[in-house]
$ cat model.pdb   # PDB, C-alpha atoms, pLDDT in the B column
ATOM      1  CA  MET S   1       0.000   0.000   0.000  1.00 57.00           C
ATOM      2  CA  ALA S   2       1.455   3.365  -1.039  1.00 70.00           C
ATOM      3  CA  LEU S   3       1.037   6.093   1.572  1.00 76.00           C
ATOM      4  CA  ALA S   4       0.642   9.775   0.781  1.00 81.00           C
ATOM      5  CA  PRO S   5       3.638  11.950   1.664  1.00 87.00           C
ATOM      6  CA  MET S   6       3.727  13.714   5.018  1.00 90.00           C
ATOM      7  CA  GLN S   7       3.276  17.508   4.824  1.00 91.00           C
ATOM      8  CA  TYR S   8       3.572  20.429   7.221  1.00 93.00           C
ATOM      9  CA  LYS S   9       2.792  24.008   6.172  1.00 91.00           C
ATOM     10  CA  ASN S  10       4.489  24.343   2.761  1.00 89.00           C
ATOM     11  CA  TYR S  11       6.969  21.483   3.251  1.00 94.00           C
ATOM     12  CA  VAL S  12       6.383  18.032   1.709  1.00 93.00           C
ATOM     13  CA  TRP S  13       8.693  15.198   2.776  1.00 93.00           C
ATOM     14  CA  PRO S  14      10.413  13.598  -0.247  1.00 91.00           C
ATOM     15  CA  HIS S  15       9.784  10.233   1.466  1.00 88.00           C
ATOM     16  CA  ASN S  16       7.951   9.537   4.708  1.00 89.00           C
ATOM     17  CA  PRO S  17       9.842   9.237   8.007  1.00 90.00           C
ATOM     18  CA  ARG S  18      10.477   5.607   8.915  1.00 87.00           C
ATOM     19  CA  VAL S  19       9.281   5.705  12.559  1.00 89.00           C
ATOM     20  CA  TYR S  20       6.117   7.348  13.946  1.00 87.00           C
ATOM     21  CA  SER S  21       4.600   7.497  17.384  1.00 88.00           C
ATOM     22  CA  ILE S  22       1.609   9.306  18.800  1.00 87.00           C
ATOM     23  CA  GLU S  23       0.974   9.947  22.470  1.00 88.00           C
ATOM     24  CA  TYR S  24      -2.474  10.716  23.836  1.00 84.00           C
ATOM     25  CA  GLN S  25      -2.634  12.327  27.262  1.00 81.00           C
ATOM     26  CA  ARG S  26      -5.484  12.815  29.719  1.00 82.00           C
ATOM     27  CA  ALA S  27      -5.221  15.298  32.582  1.00 83.00           C
ATOM     28  CA  MET S  28      -6.319  13.930  35.940  1.00 85.00           C
ATOM     29  CA  GLY S  29      -6.834  15.631  39.276  1.00 86.00           C
ATOM     30  CA  VAL S  30      -6.291  13.777  42.548  1.00 88.00           C
ATOM     31  CA  HIS S  31      -8.169  15.016  45.597  1.00 86.00           C
ATOM     32  CA  LYS S  32      -7.325  13.691  49.043  1.00 85.00           C
ATOM     33  CA  VAL S  33     -10.279  12.518  51.098  1.00 83.00           C
ATOM     34  CA  PRO S  34     -10.004  12.048  54.881  1.00 81.00           C
ATOM     35  CA  PHE S  35      -8.840   8.697  56.275  1.00 80.00           C
ATOM     36  CA  GLY S  36      -6.398   7.819  53.496  1.00 78.00           C
ATOM     37  CA  ARG S  37      -8.826   7.826  50.582  1.00 84.00           C
ATOM     38  CA  TYR S  38      -8.652   9.861  47.385  1.00 84.00           C
ATOM     39  CA  HIS S  39     -10.921  10.853  44.523  1.00 84.00           C
ATOM     40  CA  LEU S  40      -9.835  11.083  40.871  1.00 86.00           C
ATOM     41  CA  GLN S  41     -11.262  13.794  38.639  1.00 84.00           C
ATOM     42  CA  ASP S  42     -11.067  13.474  34.854  1.00 83.00           C
ATOM     43  CA  LEU S  43     -10.009  16.869  33.463  1.00 82.00           C
ATOM     44  CA  GLY S  44     -10.222  15.669  29.865  1.00 80.00           C
ATOM     45  CA  PRO S  45      -7.774  14.933  27.096  1.00 79.00           C
ATOM     46  CA  THR S  46      -4.843  17.258  26.495  1.00 79.00           C
ATOM     47  CA  ARG S  47      -2.666  17.712  23.428  1.00 79.00           C
ATOM     48  CA  ARG S  48      -1.577  14.838  21.251  1.00 85.00           C
ATOM     49  CA  ILE S  49       2.177  14.539  20.838  1.00 89.00           C
ATOM     50  CA  MET S  50       3.300  13.237  17.450  1.00 91.00           C
ATOM     51  CA  LYS S  51       6.924  12.108  17.139  1.00 92.00           C
ATOM     52  CA  GLY S  52       8.967  10.476  14.465  1.00 92.00           C
ATOM     53  CA  GLU S  53      12.378   9.625  13.125  1.00 94.00           C
ATOM     54  CA  GLY S  54      13.569   9.761   9.566  1.00 93.00           C
ATOM     55  CA  GLU S  55      16.469   9.959   7.196  1.00 94.00           C
ATOM     56  CA  PHE S  56      17.371  11.928   4.122  1.00 93.00           C
ATOM     57  CA  VAL S  57      19.613   9.857   1.885  1.00 92.00           C
ATOM     58  CA  GLY S  58      21.400  10.597  -1.354  1.00 91.00           C
ATOM     59  CA  GLU S  59      22.698  13.666  -3.101  1.00 90.00           C
ATOM     60  CA  GLY S  60      21.416  16.827  -1.419  1.00 89.00           C
ATOM     61  CA  ALA S  61      20.354  15.096   1.816  1.00 91.00           C
ATOM     62  CA  TYR S  62      21.748  17.877   4.006  1.00 90.00           C
ATOM     63  CA  ARG S  63      20.096  20.564   1.853  1.00 91.00           C
ATOM     64  CA  GLU S  64      16.776  18.757   2.384  1.00 93.00           C
ATOM     65  CA  PHE S  65      17.325  18.821   6.141  1.00 93.00           C
ATOM     66  CA  GLN S  66      18.037  22.558   5.911  1.00 92.00           C
ATOM     67  CA  LYS S  67      14.672  23.069   4.140  1.00 94.00           C
ATOM     68  CA  LEU S  68      12.923  21.205   6.955  1.00 94.00           C
ATOM     69  CA  ALA S  69      14.811  23.277   9.552  1.00 94.00           C
ATOM     70  CA  SER S  70      13.641  26.500   7.893  1.00 94.00           C
ATOM     71  CA  VAL S  71      10.028  25.314   8.307  1.00 94.00           C
ATOM     72  CA  PHE S  72      10.762  24.661  11.997  1.00 95.00           C
ATOM     73  CA  TYR S  73      11.745  28.330  12.396  1.00 92.00           C
ATOM     74  CA  SER S  74       8.530  29.679  10.847  1.00 90.00           C
ATOM     75  CA  ASP S  75       6.146  31.076  13.477  1.00 88.00           C
ATOM     76  CA  GLY S  76       2.788  29.697  14.558  1.00 89.00           C
ATOM     77  CA  PRO S  77       0.981  26.417  14.068  1.00 90.00           C
ATOM     78  CA  GLY S  78       0.308  24.803  10.714  1.00 90.00           C
ATOM     79  CA  VAL S  79      -1.589  21.899   9.272  1.00 89.00           C
ATOM     80  CA  LEU S  80       0.191  18.570   9.679  1.00 90.00           C
ATOM     81  CA  VAL S  81      -1.001  16.090   7.059  1.00 87.00           C
ATOM     82  CA  HIS S  82       0.223  12.673   8.012  1.00 82.00           C
ATOM     83  CA  PRO S  83      -0.072   9.457   5.972  1.00 79.00           C
ATOM     84  CA  VAL S  84      -1.501   7.543   8.955  1.00 76.00           C
ATOM     85  CA  TRP S  85      -2.943  10.049  11.459  1.00 75.00           C
ATOM     86  CA  GLN S  86      -5.791  12.432  10.743  1.00 77.00           C
ATOM     87  CA  ALA S  87      -4.781  15.951   9.706  1.00 81.00           C
ATOM     88  CA  ALA S  88      -4.257  18.269  12.663  1.00 83.00           C
ATOM     89  CA  ARG S  89      -3.225  21.824  13.440  1.00 87.00           C
ATOM     90  CA  ALA S  90       0.073  21.529  15.236  1.00 90.00           C
ATOM     91  CA  TYR S  91       3.170  23.318  16.401  1.00 93.00           C
ATOM     92  CA  PHE S  92       6.559  22.036  15.222  1.00 95.00           C
ATOM     93  CA  VAL S  93       8.231  21.911  18.662  1.00 95.00           C
ATOM     94  CA  GLU S  94      11.398  19.873  18.144  1.00 96.00           C
ATOM     95  CA  LEU S  95      13.783  18.974  15.349  1.00 95.00           C
ATOM     96  CA  SER S  96      17.007  17.165  16.223  1.00 93.00           C
ATOM     97  CA  LEU S  97      19.941  16.128  14.093  1.00 90.00           C
ATOM     98  CA  GLU S  98      20.921  12.672  15.332  1.00 89.00           C
ATOM     99  CA  GLN S  99      24.454  12.432  13.925  1.00 85.00           C
ATOM    100  CA  GLU S 100      27.128  14.557  12.352  1.00 84.00           C
ATOM    101  CA  PRO S 101      25.599  15.771   9.096  1.00 72.00           C
ATOM    102  CA  ARG S 102      27.010  14.466   5.844  1.00 82.00           C
ATOM    103  CA  GLU S 103      26.141  15.669   2.360  1.00 82.00           C
ATOM    104  CA  ASN S 104      24.492  12.370   1.429  1.00 91.00           C
ATOM    105  CA  TYR S 105      23.005  11.177   4.753  1.00 93.00           C
ATOM    106  CA  VAL S 106      21.104  12.924   7.569  1.00 93.00           C
ATOM    107  CA  ARG S 107      19.254  11.151  10.394  1.00 94.00           C
ATOM    108  CA  TYR S 108      16.793  13.313  12.360  1.00 95.00           C
ATOM    109  CA  THR S 109      13.920  13.210  14.871  1.00 95.00           C
ATOM    110  CA  PHE S 110      10.930  15.538  15.134  1.00 96.00           C
ATOM    111  CA  THR S 111       8.046  16.341  17.491  1.00 95.00           C
ATOM    112  CA  PHE S 112       4.709  18.067  16.836  1.00 94.00           C
ATOM    113  CA  TRP S 113       2.153  19.132  19.475  1.00 91.00           C
ATOM    114  CA  GLU S 114      -1.462  19.334  18.366  1.00 88.00           C
ATOM    115  CA  THR S 115      -3.353  22.548  19.098  1.00 84.00           C
ATOM    116  CA  TYR S 116      -7.127  22.774  19.487  1.00 68.00           C
ATOM    117  CA  GLU S 117      -7.332  26.337  18.201  1.00 55.00           C
ATOM    118  CA  GLY S 118      -8.366  27.003  14.642  1.00 39.00           C
ATOM    119  CA  TYR S 119      -9.448  23.668  13.218  1.00 40.00           C
ATOM    120  CA  GLY S 120     -10.542  25.773  10.234  1.00 39.00           C
ATOM    121  CA  ALA S 121      -7.255  25.338   8.415  1.00 37.00           C
ATOM    122  CA  CYS S 122      -7.303  21.542   8.363  1.00 40.00           C
ATOM    123  CA  ALA S 123      -6.925  20.009   4.946  1.00 37.00           C
ATOM    124  CA  ARG S 124      -9.929  19.399   2.708  1.00 37.00           C
ATOM    125  CA  THR S 125     -10.168  15.765   1.711  1.00 34.00           C
ATOM    126  CA  ALA S 126     -12.258  14.472  -1.168  1.00 30.00           C
ATOM    127  CA  GLY S 127     -15.134  12.151  -0.226  1.00 34.00           C
ATOM    128  CA  THR S 128     -15.084   8.523  -1.143  1.00 35.00           C
ATOM    129  CA  GLY S 129     -18.780   7.752  -0.870  1.00 38.00           C
ATOM    130  CA  SER S 130     -18.361   4.982   1.674  1.00 40.00           C
ATOM    131  CA  ALA S 131     -21.194   2.670   2.589  1.00 36.00           C
ATOM    132  CA  GLY S 132     -21.287   4.167   6.097  1.00 40.00           C
ATOM    133  CA  GLN S 133     -22.357   7.501   4.602  1.00 40.00           C
ATOM    134  CA  SER S 134     -25.480   6.280   2.820  1.00 35.00           C
ATOM    135  CA  ALA S 135     -26.531   3.934   5.612  1.00 34.00           C
ATOM    136  CA  ALA S 136     -26.177   6.520   8.361  1.00 38.00           C
ATOM    137  CA  ALA S 137     -27.478   9.688   6.649  1.00 41.00           C
ATOM    138  CA  ALA S 138     -30.951  10.777   7.588  1.00 42.00           C
ATOM    139  CA  ALA S 139     -32.949  13.893   6.846  1.00 42.00           C
ATOM    140  CA  GLY S 140     -34.269  15.925   9.738  1.00 42.00           C
ATOM    141  CA  PRO S 141     -37.950  16.569  10.447  1.00 43.00           C
ATOM    142  CA  ALA S 142     -40.314  17.388   7.544  1.00 45.00           C
ATOM    143  CA  GLY S 143     -39.553  20.822   6.107  1.00 46.00           C
ATOM    144  CA  ASP S 144     -36.075  20.790   7.694  1.00 53.00           C
ATOM    145  CA  ALA S 145     -33.303  21.042   5.094  1.00 73.00           C
ATOM    146  CA  LYS S 146     -30.683  19.767   7.545  1.00 84.00           C
ATOM    147  CA  THR S 147     -29.091  16.368   7.022  1.00 88.00           C
ATOM    148  CA  TRP S 148     -27.755  14.347   9.943  1.00 91.00           C
ATOM    149  CA  HIS S 149     -25.345  11.430  10.228  1.00 92.00           C
ATOM    150  CA  THR S 150     -25.536   8.891  13.045  1.00 90.00           C
ATOM    151  CA  VAL S 151     -22.071   8.024  14.344  1.00 90.00           C
ATOM    152  CA  VAL S 152     -21.129   4.346  14.135  1.00 88.00           C
ATOM    153  CA  ARG S 153     -18.391   2.642  16.113  1.00 85.00           C
ATOM    154  CA  GLY S 154     -14.861   3.630  15.081  1.00 81.00           C
ATOM    155  CA  GLU S 155     -15.802   6.833  13.247  1.00 86.00           C
ATOM    156  CA  SER S 156     -14.130  10.202  13.743  1.00 86.00           C
ATOM    157  CA  LEU S 157     -15.195  13.684  12.630  1.00 87.00           C
ATOM    158  CA  TRP S 158     -12.338  13.629  10.132  1.00 84.00           C
ATOM    159  CA  ARG S 159     -13.716  10.440   8.534  1.00 85.00           C
ATOM    160  CA  ILE S 160     -17.280  11.780   8.465  1.00 90.00           C
ATOM    161  CA  ALA S 161     -16.053  15.018   6.844  1.00 87.00           C
ATOM    162  CA  ARG S 162     -14.207  12.968   4.227  1.00 85.00           C
ATOM    163  CA  ASP S 163     -17.240  10.781   3.525  1.00 85.00           C
ATOM    164  CA  TYR S 164     -19.485  13.818   2.961  1.00 87.00           C
ATOM    165  CA  ASP S 165     -16.866  15.764   0.972  1.00 85.00           C
ATOM    166  CA  LEU S 166     -16.598  18.482   3.631  1.00 88.00           C
ATOM    167  CA  ALA S 167     -13.612  20.248   5.116  1.00 86.00           C
ATOM    168  CA  LEU S 168     -13.172  19.284   8.762  1.00 85.00           C
ATOM    169  CA  ALA S 169     -13.635  22.960   9.673  1.00 83.00           C
ATOM    170  CA  GLU S 170     -17.021  23.037   7.888  1.00 87.00           C
ATOM    171  CA  LEU S 171     -18.221  19.973   9.781  1.00 90.00           C
ATOM    172  CA  ILE S 172     -17.090  21.419  13.116  1.00 87.00           C
ATOM    173  CA  ALA S 173     -18.843  24.723  12.321  1.00 87.00           C
ATOM    174  CA  LEU S 174     -22.091  22.846  11.554  1.00 91.00           C
ATOM    175  CA  ASN S 175     -21.917  21.131  14.964  1.00 89.00           C
ATOM    176  CA  PRO S 176     -21.344  23.667  17.753  1.00 87.00           C
ATOM    177  CA  GLN S 177     -22.821  21.157  20.210  1.00 89.00           C
ATOM    178  CA  ILE S 178     -19.638  19.058  19.847  1.00 86.00           C
ATOM    179  CA  LYS S 179     -17.277  20.576  22.405  1.00 81.00           C
ATOM    180  CA  ASN S 180     -14.295  18.283  21.720  1.00 82.00           C
ATOM    181  CA  PRO S 181     -13.869  17.423  18.004  1.00 80.00           C
ATOM    182  CA  ASN S 182     -11.674  14.446  18.936  1.00 79.00           C
ATOM    183  CA  LEU S 183     -14.431  12.846  21.020  1.00 83.00           C
ATOM    184  CA  ILE S 184     -17.682  11.677  19.435  1.00 87.00           C
ATOM    185  CA  ARG S 185     -19.788   8.789  20.628  1.00 86.00           C
ATOM    186  CA  THR S 186     -21.541   5.939  18.845  1.00 87.00           C
ATOM    187  CA  GLY S 187     -25.168   6.908  18.187  1.00 88.00           C
ATOM    188  CA  GLU S 188     -24.495  10.650  18.374  1.00 90.00           C
ATOM    189  CA  LYS S 189     -26.109  12.790  15.625  1.00 91.00           C
ATOM    190  CA  VAL S 190     -23.742  14.923  13.546  1.00 92.00           C
ATOM    191  CA  ARG S 191     -25.117  17.535  11.162  1.00 92.00           C
ATOM    192  CA  VAL S 192     -23.565  17.164   7.696  1.00 90.00           C
ATOM    193  CA  ARG S 193     -25.680  19.677   5.647  1.00 87.00           C
TER     194      ARG S 193
END
$ encode --input "model.pdb" --output "structure tokens"
Amino acid sequence: MALAPMQYKNYVWPHNPRVYSIEYQRAMGVHKVPFGRYHLQDLGPTRRIMKGEGEFVGEGAYREFQKLASVFYSDGPGVLVHPVWQAARAYFVELSLEQEPRENYVRYTFTFWETYEGYGACARTAGTGSAGQSAAAAAGPAGDAKTWHTVVRGESLWRIARDYDLALAELIALNPQIKNPNLIRTGEKVRVR
């Protein structure tokens, strides 16, 4: 299976990094209760941390690393389009050279932190017309021009947006009742038109 190239802002990797990891974190509060007991409070998910390791090989490898480093120095978050993860707005927080650079070989590591601000810039993905779309779509009450999708197990907003040929930002804007775009539940109604 051929994977699409990884992209961040205006930079497209000539070949995908060879190692990826993603870390999900949940903030928890611990409250002491008298007589040695405690109570845990779920404060919700925090940022996702996306890490990887790659190599540039061949003529111009170090120049390619320099291009990537110049993207690291550009201010603000950008859209990270990854061949495996869903697209996300993220900050490029770490870029490390892992050995003495050579003209034809550079090994590096990188880290991105997802931001929840401004989902509007996430990449638009063409719909594929999956079976889940037609089976789950339902019109609202008579005279209501809205169309709703019922979430099935394993779906994400990104996948629903793709299936209905919407930008993720459009889908989020249609659904202000969804407070955390990374958390939707099976059976939940999502407006798609």
$ resolve_selection --input "model.pdb" --expression "the PyMOL selection byres ((chain S and resi 98) around 10)" --output "ChimeraX atom specification"
/S:53-55,95-97,99-101,106-109
$ closest_residue --input "model.pdb" --among "S:Glu59, S:Glu23, S:Glu94, S:Glu170" --to "Thr46 of chain S" --atoms "all atoms listed in the file"
S:Glu23
$ resolve_selection --input "model.pdb" --expression "the PyMOL selection byres ((chain S and resi 188) around 6)" --output "short mmCIF file (atom, residue, chain, number, x, y, z; two decimals) with C-alpha atoms, in the frame of the given file"
data_model
loop_
_atom_site.label_atom_id
_atom_site.label_comp_id
_atom_site.auth_asym_id
_atom_site.auth_seq_id
_atom_site.Cartn_x
_atom_site.Cartn_y
_atom_site.Cartn_z
CA THR S 150 -25.54 8.89 13.04
CA VAL S 151 -22.07 8.02 14.34
CA ARG S 185 -19.79 8.79 20.63
CA THR S 186 -21.54 5.94 18.84
CA GLY S 187 -25.17 6.91 18.19
CA LYS S 189 -26.11 12.79 15.62
#
$ atom_distance --input "model.pdb" --atom1 "atom CA of Leu171 of chain S" --atom2 "atom CA of Ala88 of chain S"
14.4 Å
$ closest_residue --input "model.pdb" --among "S:Glu103, S:Arg193, S:His149, S:Trp113" --to "Gly58 of chain S" --atoms "only C-alpha atoms"
S:Glu103
$ resolve_selection --input "model.pdb" --expression "the PyMOL selection byres ((chain S and resi 4-12) around 9)" --output "CSV table (one decimal) with C-alpha atoms, in the coordinates of the input"
chain,number,residue,atom,x,y,z
S,2,ALA,CA,1.5,3.4,-1.0
S,3,LEU,CA,1.0,6.1,1.6
S,13,TRP,CA,8.7,15.2,2.8
S,14,PRO,CA,10.4,13.6,-0.2
S,15,HIS,CA,9.8,10.2,1.5
S,16,ASN,CA,8.0,9.5,4.7
S,17,PRO,CA,9.8,9.2,8.0
S,67,LYS,CA,14.7,23.1,4.1
S,68,LEU,CA,12.9,21.2,7.0
S,71,VAL,CA,10.0,25.3,8.3
S,77,PRO,CA,1.0,26.4,14.1
S,78,GLY,CA,0.3,24.8,10.7
S,79,VAL,CA,-1.6,21.9,9.3
S,80,LEU,CA,0.2,18.6,9.7
S,81,VAL,CA,-1.0,16.1,7.1
S,82,HIS,CA,0.2,12.7,8.0
S,83,PRO,CA,-0.1,9.5,6.0
S,84,VAL,CA,-1.5,7.5,9.0
S,90,ALA,CA,0.1,21.5,15.2
S,92,PHE,CA,6.6,22.0,15.2
$ atom_distance --input "model.pdb" --atom1 "atom CA of Tyr24 of chain S" --atom2 "atom CA of Gln86 of chain S"
13.6 Å
$ residues_around --input "model.pdb" --residues "Arg48 of chain S" --least-positions-apart "5" --cutoff "12 Å" --atoms "all atoms listed in the file" --output "ChimeraX atom specification"
/S:21-27,85-86,88-91,111-116,182
$ residues_near_point --input "model.pdb" --point "(-26.0, 17.4, 9.6)" --cutoff "6 Å" --atoms "only C-alpha atoms" --output "VMD selection string"
chain S and resid 146 to 148 190 to 193
$ closest_residue --input "model.pdb" --among "S:Phe110, S:Ser74, S:Arg102, S:Tyr164" --to "Val57 of chain S" --atoms "all atoms listed in the file"
S:Arg102
$ atom_distance --input "model.pdb" --atom1 "atom CA of Glu64 of chain S" --atom2 "atom CA of Arg18 of chain S"
16.0 Å
$ closest_residue --input "model.pdb" --among "S:Phe35, S:Leu157, S:Tyr62, S:Leu40" --to "Asn175 of chain S" --atoms "only C-alpha atoms"
S:Leu157
$ closest_residue --input "model.pdb" --among "S:Ala145, S:Tyr105, S:Pro176, S:Leu183" --to "Ala61 of chain S" --atoms "all atoms listed in the file"
S:Tyr105
